[in-house]
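Source file: work09.cif. Holds: mmCIF, C-alpha atoms.
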data_run
loop_
_atom_site.label_atom_id
_atom_site.label_comp_id
_atom_site.auth_asym_id
_atom_site.auth_seq_id
_atom_site.Cartn_x
_atom_site.Cartn_y
_atom_site.Cartn_z
CA MET A 773 -14.50 -7.54 -16.17
CA PRO A 774 -11.01 -7.58 -17.75
CA ILE A 775 -8.20 -5.99 -15.80
CA ASN A 776 -6.33 -3.21 -17.59
CA THR A 777 -2.71 -4.32 -17.47
CA SER A 778 -1.28 -1.66 -19.77
CA PRO A 779 0.73 0.80 -17.69
CA PRO A 780 0.10 4.51 -18.08
CA PRO A 781 3.00 6.48 -19.54
CA ALA A 782 5.61 8.00 -17.26
CA VAL A 783 6.26 11.74 -17.20
CA CYS A 784 9.91 12.74 -17.35
CA THR A 785 11.55 16.07 -16.62
CA THR A 786 15.17 17.05 -16.09
CA VAL A 787 16.13 18.38 -12.69
CA PRO A 788 19.40 19.45 -11.10
CA ASP A 789 20.97 16.82 -8.87
CA PRO A 790 20.39 17.88 -5.23
CA GLU A 791 24.05 17.07 -4.49
CA GLY A 792 25.33 19.22 -7.37
CA ARG A 793 26.59 16.38 -9.59
CA GLY A 794 24.78 17.46 -12.75
CA THR A 795 21.39 16.86 -14.29
CA LEU A 796 19.08 13.97 -13.49
CA VAL A 797 15.85 12.76 -15.04
CA ARG A 798 12.88 12.78 -12.69
CA VAL A 799 10.46 10.04 -13.69
CA LEU A 800 6.93 10.24 -12.39
CA TYR A 801 4.59 7.32 -12.81
CA ALA A 802 0.83 7.62 -12.68
CA HIS A 803 -0.91 4.75 -10.94
CA HIS A 804 -4.66 4.47 -10.92
CA GLU A 805 -5.50 2.82 -7.63
CA ASP A 806 -8.77 1.94 -6.02
CA GLY A 807 -9.56 2.41 -2.34
CA GLU A 808 -8.68 -1.15 -1.36
CA THR A 809 -5.23 -0.86 -2.97
CA LEU A 810 -4.55 2.40 -1.14
CA ALA A 811 -5.72 0.91 2.16
CA PHE A 812 -3.52 -2.14 1.63
CA LYS A 813 -0.46 0.07 1.00
CA LEU A 814 -1.26 2.11 4.09
CA ALA A 815 -1.76 -1.01 6.20
CA HIS A 816 1.56 -2.39 4.92
CA ALA A 817 3.35 0.75 6.07
CA TYR A 818 1.80 0.67 9.55
CA GLN A 819 1.49 -3.10 10.03
CA PHE A 820 4.08 -3.39 12.78
CA HIS A 821 3.03 -0.33 14.79
CA PRO A 822 0.81 -2.28 17.22
CA GLU A 823 3.50 -4.91 17.77
CA SER A 824 6.09 -2.25 18.61
CA GLY A 825 3.70 -0.38 20.91
CA GLU A 826 3.24 2.59 18.56
CA ASP A 827 -0.21 4.10 18.34
CA LEU A 828 -2.01 4.48 15.03
CA PRO A 829 -2.95 8.12 14.39
CA ASP A 830 -6.64 8.84 14.83
CA GLU A 831 -6.70 10.72 11.55
CA LEU A 832 -3.93 10.53 8.98
CA PRO A 833 -3.31 13.78 7.08
CA LEU A 834 -3.43 13.57 3.30
CA ALA A 835 0.15 14.89 3.13
CA ALA A 836 1.35 11.92 5.23
CA LEU A 837 -0.36 9.46 2.87
CA MET A 838 1.11 11.20 -0.18
CA LYS A 839 4.60 11.10 1.36
CA LEU A 840 4.18 7.40 2.10
CA LEU A 841 2.94 6.60 -1.42
CA GLY A 842 5.80 8.62 -2.91
CA ALA A 843 8.37 6.71 -0.85
CA GLN A 844 6.81 3.36 -1.76
CA GLY A 845 6.72 4.31 -5.44
CA ALA A 846 10.31 5.52 -5.42
CA ALA A 847 11.51 2.34 -3.72
CA CYS A 848 9.71 0.23 -6.31
CA ALA A 849 10.94 2.35 -9.23
CA GLU A 850 14.52 2.03 -8.01
CA GLY A 851 14.18 -1.73 -7.73
CA TRP A 852 14.19 -1.85 -3.94
CA HIS A 853 11.56 -4.20 -2.63
CA VAL A 854 11.30 -4.79 1.07
CA SER A 855 10.39 -8.28 2.16
CA GLU A 856 9.47 -8.37 5.80
CA ASN A 857 7.84 -10.90 8.03
CA GLU A 858 4.07 -10.72 8.00
CA PRO A 859 2.45 -8.95 10.93
CA THR A 860 0.73 -11.01 13.56
CA GLU A 861 -2.97 -11.66 13.04
CA GLU A 862 -3.74 -9.42 16.01
CA SER A 863 -1.73 -6.56 14.53
CA TRP A 864 -3.36 -6.99 11.11
CA ASN A 865 -6.80 -7.04 12.72
CA LEU A 866 -6.05 -3.60 14.23
CA VAL A 867 -4.27 -2.03 11.26
CA TRP A 868 -6.42 -3.20 8.33
CA PRO A 869 -9.73 -1.64 9.55
CA TRP A 870 -7.82 1.51 10.54
CA ALA A 871 -6.26 1.79 7.06
CA GLN A 872 -9.65 1.30 5.37
CA LYS A 873 -11.17 4.01 7.58
CA GLN A 874 -8.34 6.45 6.75
CA ILE A 875 -8.69 5.96 2.99
CA ARG A 876 -12.47 6.25 3.12
CA HIS A 877 -12.09 9.47 5.13
CA LEU A 878 -9.48 10.99 2.81
CA PHE A 879 -11.21 9.90 -0.41
CA PRO A 880 -14.93 9.47 0.35
CA ASP A 881 -15.90 9.14 -3.32
CA VAL A 882 -13.21 6.66 -4.40
CA THR A 883 -14.38 3.37 -5.88
CA TRP A 884 -13.43 0.76 -3.33
CA LYS A 885 -12.64 -2.32 -5.36
CA VAL A 886 -12.09 -2.12 -9.11
CA GLU A 887 -10.50 -5.55 -9.56
CA PRO A 888 -12.91 -8.11 -8.07
CA GLU A 889 -10.58 -11.02 -8.86
CA ARG A 890 -7.83 -9.69 -6.58
CA ARG A 891 -7.72 -11.19 -3.10
CA ILE A 892 -5.61 -10.39 -0.08
CA VAL A 893 -4.72 -13.70 1.54
CA MET A 894 -2.86 -13.51 4.83
CA PRO A 895 -0.81 -16.44 6.20
CA TRP A 896 -3.37 -17.31 8.87
CA ASP A 897 -6.22 -17.65 6.34
CA ALA A 898 -7.24 -21.26 5.73
CA GLU A 899 -6.71 -20.98 1.99
CA ALA A 900 -3.09 -19.89 2.51
CA ARG A 901 -2.24 -23.16 4.27
CA PRO A 902 -1.58 -26.43 2.42
CA SER A 903 -4.55 -28.77 2.50
CA ALA A 904 -4.54 -32.09 4.32
CA THR A 905 -4.51 -33.87 0.93
CA GLY A 906 -1.15 -32.32 0.06
CA GLY A 907 -2.40 -29.72 -2.42
CA ALA A 908 -1.77 -26.03 -2.10
#
Take the structure I supplied and represent it as structure tokens, if you would.
Amino acid sequence: MPINTSPPPAVCTTVPDPEGRGTLVRVLYAHHEDGETLAFKLAHAYQFHPESGEDLPDELPLAALMKLLGAQGAACAEGWHVSENEPTEESWNLVWPWAQKQIRHLFPDVTWKVEPERRIVMPWDAEARPSATGGA
């Protein structure tokens, strides 16, 4: 199945600058995301909670997910990309199932994986490590 790589159009509206400096253009992008993509974004946002002793919420409200996605989208649209250390395997093993559960609860009818070719490879996975023969 081919992956649709053509981006959807952005929606632009003019809005007053919140600091009173004039008029700005608000650009909204529409992203069509499957359940796995949403869960991965959620896991990324909460990946260090277990390591810092913070509890994961039992049930994440939809408004909290929307706020998170909005912040991630705005950071990406403004060119800010955060590069952090990967979580520990133990932390990922707690956060990833939690994130999947939250997305499946919030969007029970969402298609889980639209792009079967996409893989999430974490640093501790065998395929992420160089092979003994020197290949990647």
Using the chain letters and numbers from the file, give me the residues hit by the PyMOL selection byres ((chain A and resi 828) around 8), as a VMD selection string. chain A and resid 818 821 to 822 826 to 827 829 to 830 867 870
Just how far from CA of Ala815 (chain A) is CA of Ile875 (chain A), in Å to one decimal? 10.3 Å
Excluding Leu796 (chain A) and any residue of its chain fewer than 2 positions from it, enumerate the residues within 9 Å of it, using all atoms listed in the file, and give them as a short mmCIF file (atom, residue, chain, number, x, y, z; two decimals) with C-alpha atoms, in the coordinates of the input.
data_model
loop_
_atom_site.label_atom_id
_atom_site.label_comp_id
_atom_site.auth_asym_id
_atom_site.auth_seq_id
_atom_site.Cartn_x
_atom_site.Cartn_y
_atom_site.Cartn_z
CA THR A 785 11.55 16.07 -16.62
CA THR A 786 15.17 17.05 -16.09
CA VAL A 787 16.13 18.38 -12.69
CA PRO A 788 19.40 19.45 -11.10
CA ASP A 789 20.97 16.82 -8.87
CA ARG A 793 26.59 16.38 -9.59
CA GLY A 794 24.78 17.46 -12.75
CA ARG A 798 12.88 12.78 -12.69
#
I'd like the residues picked by the PyMOL selection byres ((chain A and resi 878-882) around 7) written out as a VMD selection string, using the chain letters and numbers from the file. chain A and resid 806 to 807 834 874 to 877 883 to 884
Preceding selection exported with C-alpha atoms as a short mmCIF file (atom, residue, chain, number, x, y, z; two decimals), in the frame of the given file:
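File produced: selection-v6.cif:
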data_model
loop_
_atom_site.label_atom_id
_atom_site.label_comp_id
_atom_site.auth_asym_id
_atom_site.auth_seq_id
_atom_site.Cartn_x
_atom_site.Cartn_y
_atom_site.Cartn_z
CA ASP A 806 -8.77 1.94 -6.02
CA GLY A 807 -9.56 2.41 -2.34
CA LEU A 834 -3.43 13.57 3.30
CA GLN A 874 -8.34 6.45 6.75
CA ILE A 875 -8.69 5.96 2.99
CA ARG A 876 -12.47 6.25 3.12
CA HIS A 877 -12.09 9.47 5.13
CA THR A 883 -14.38 3.37 -5.88
CA TRP A 884 -13.43 0.76 -3.33
#
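Note that the spacing between CA of Gly845 (chain A) and CA of Leu810 (chain A) amounts to 12.2 Å.
One distance worth recording is that between CA of Leu832 (chain A) and CA of Ala871 (chain A), which is 9.2 Å.
Each of A:Trp864, A:Glu858, A:Leu814, A:Phe820 was checked against Leu840 (chain A) using all atoms listed in the file; the smallest atom-to-atom distance is that of A:Leu814.
Here the question is which of A:Ala817, A:Val797, A:Cys784, A:Leu866 gets nearest to Leu841 (chain A) using all atoms listed in the file, and that residue is A:Ala817.
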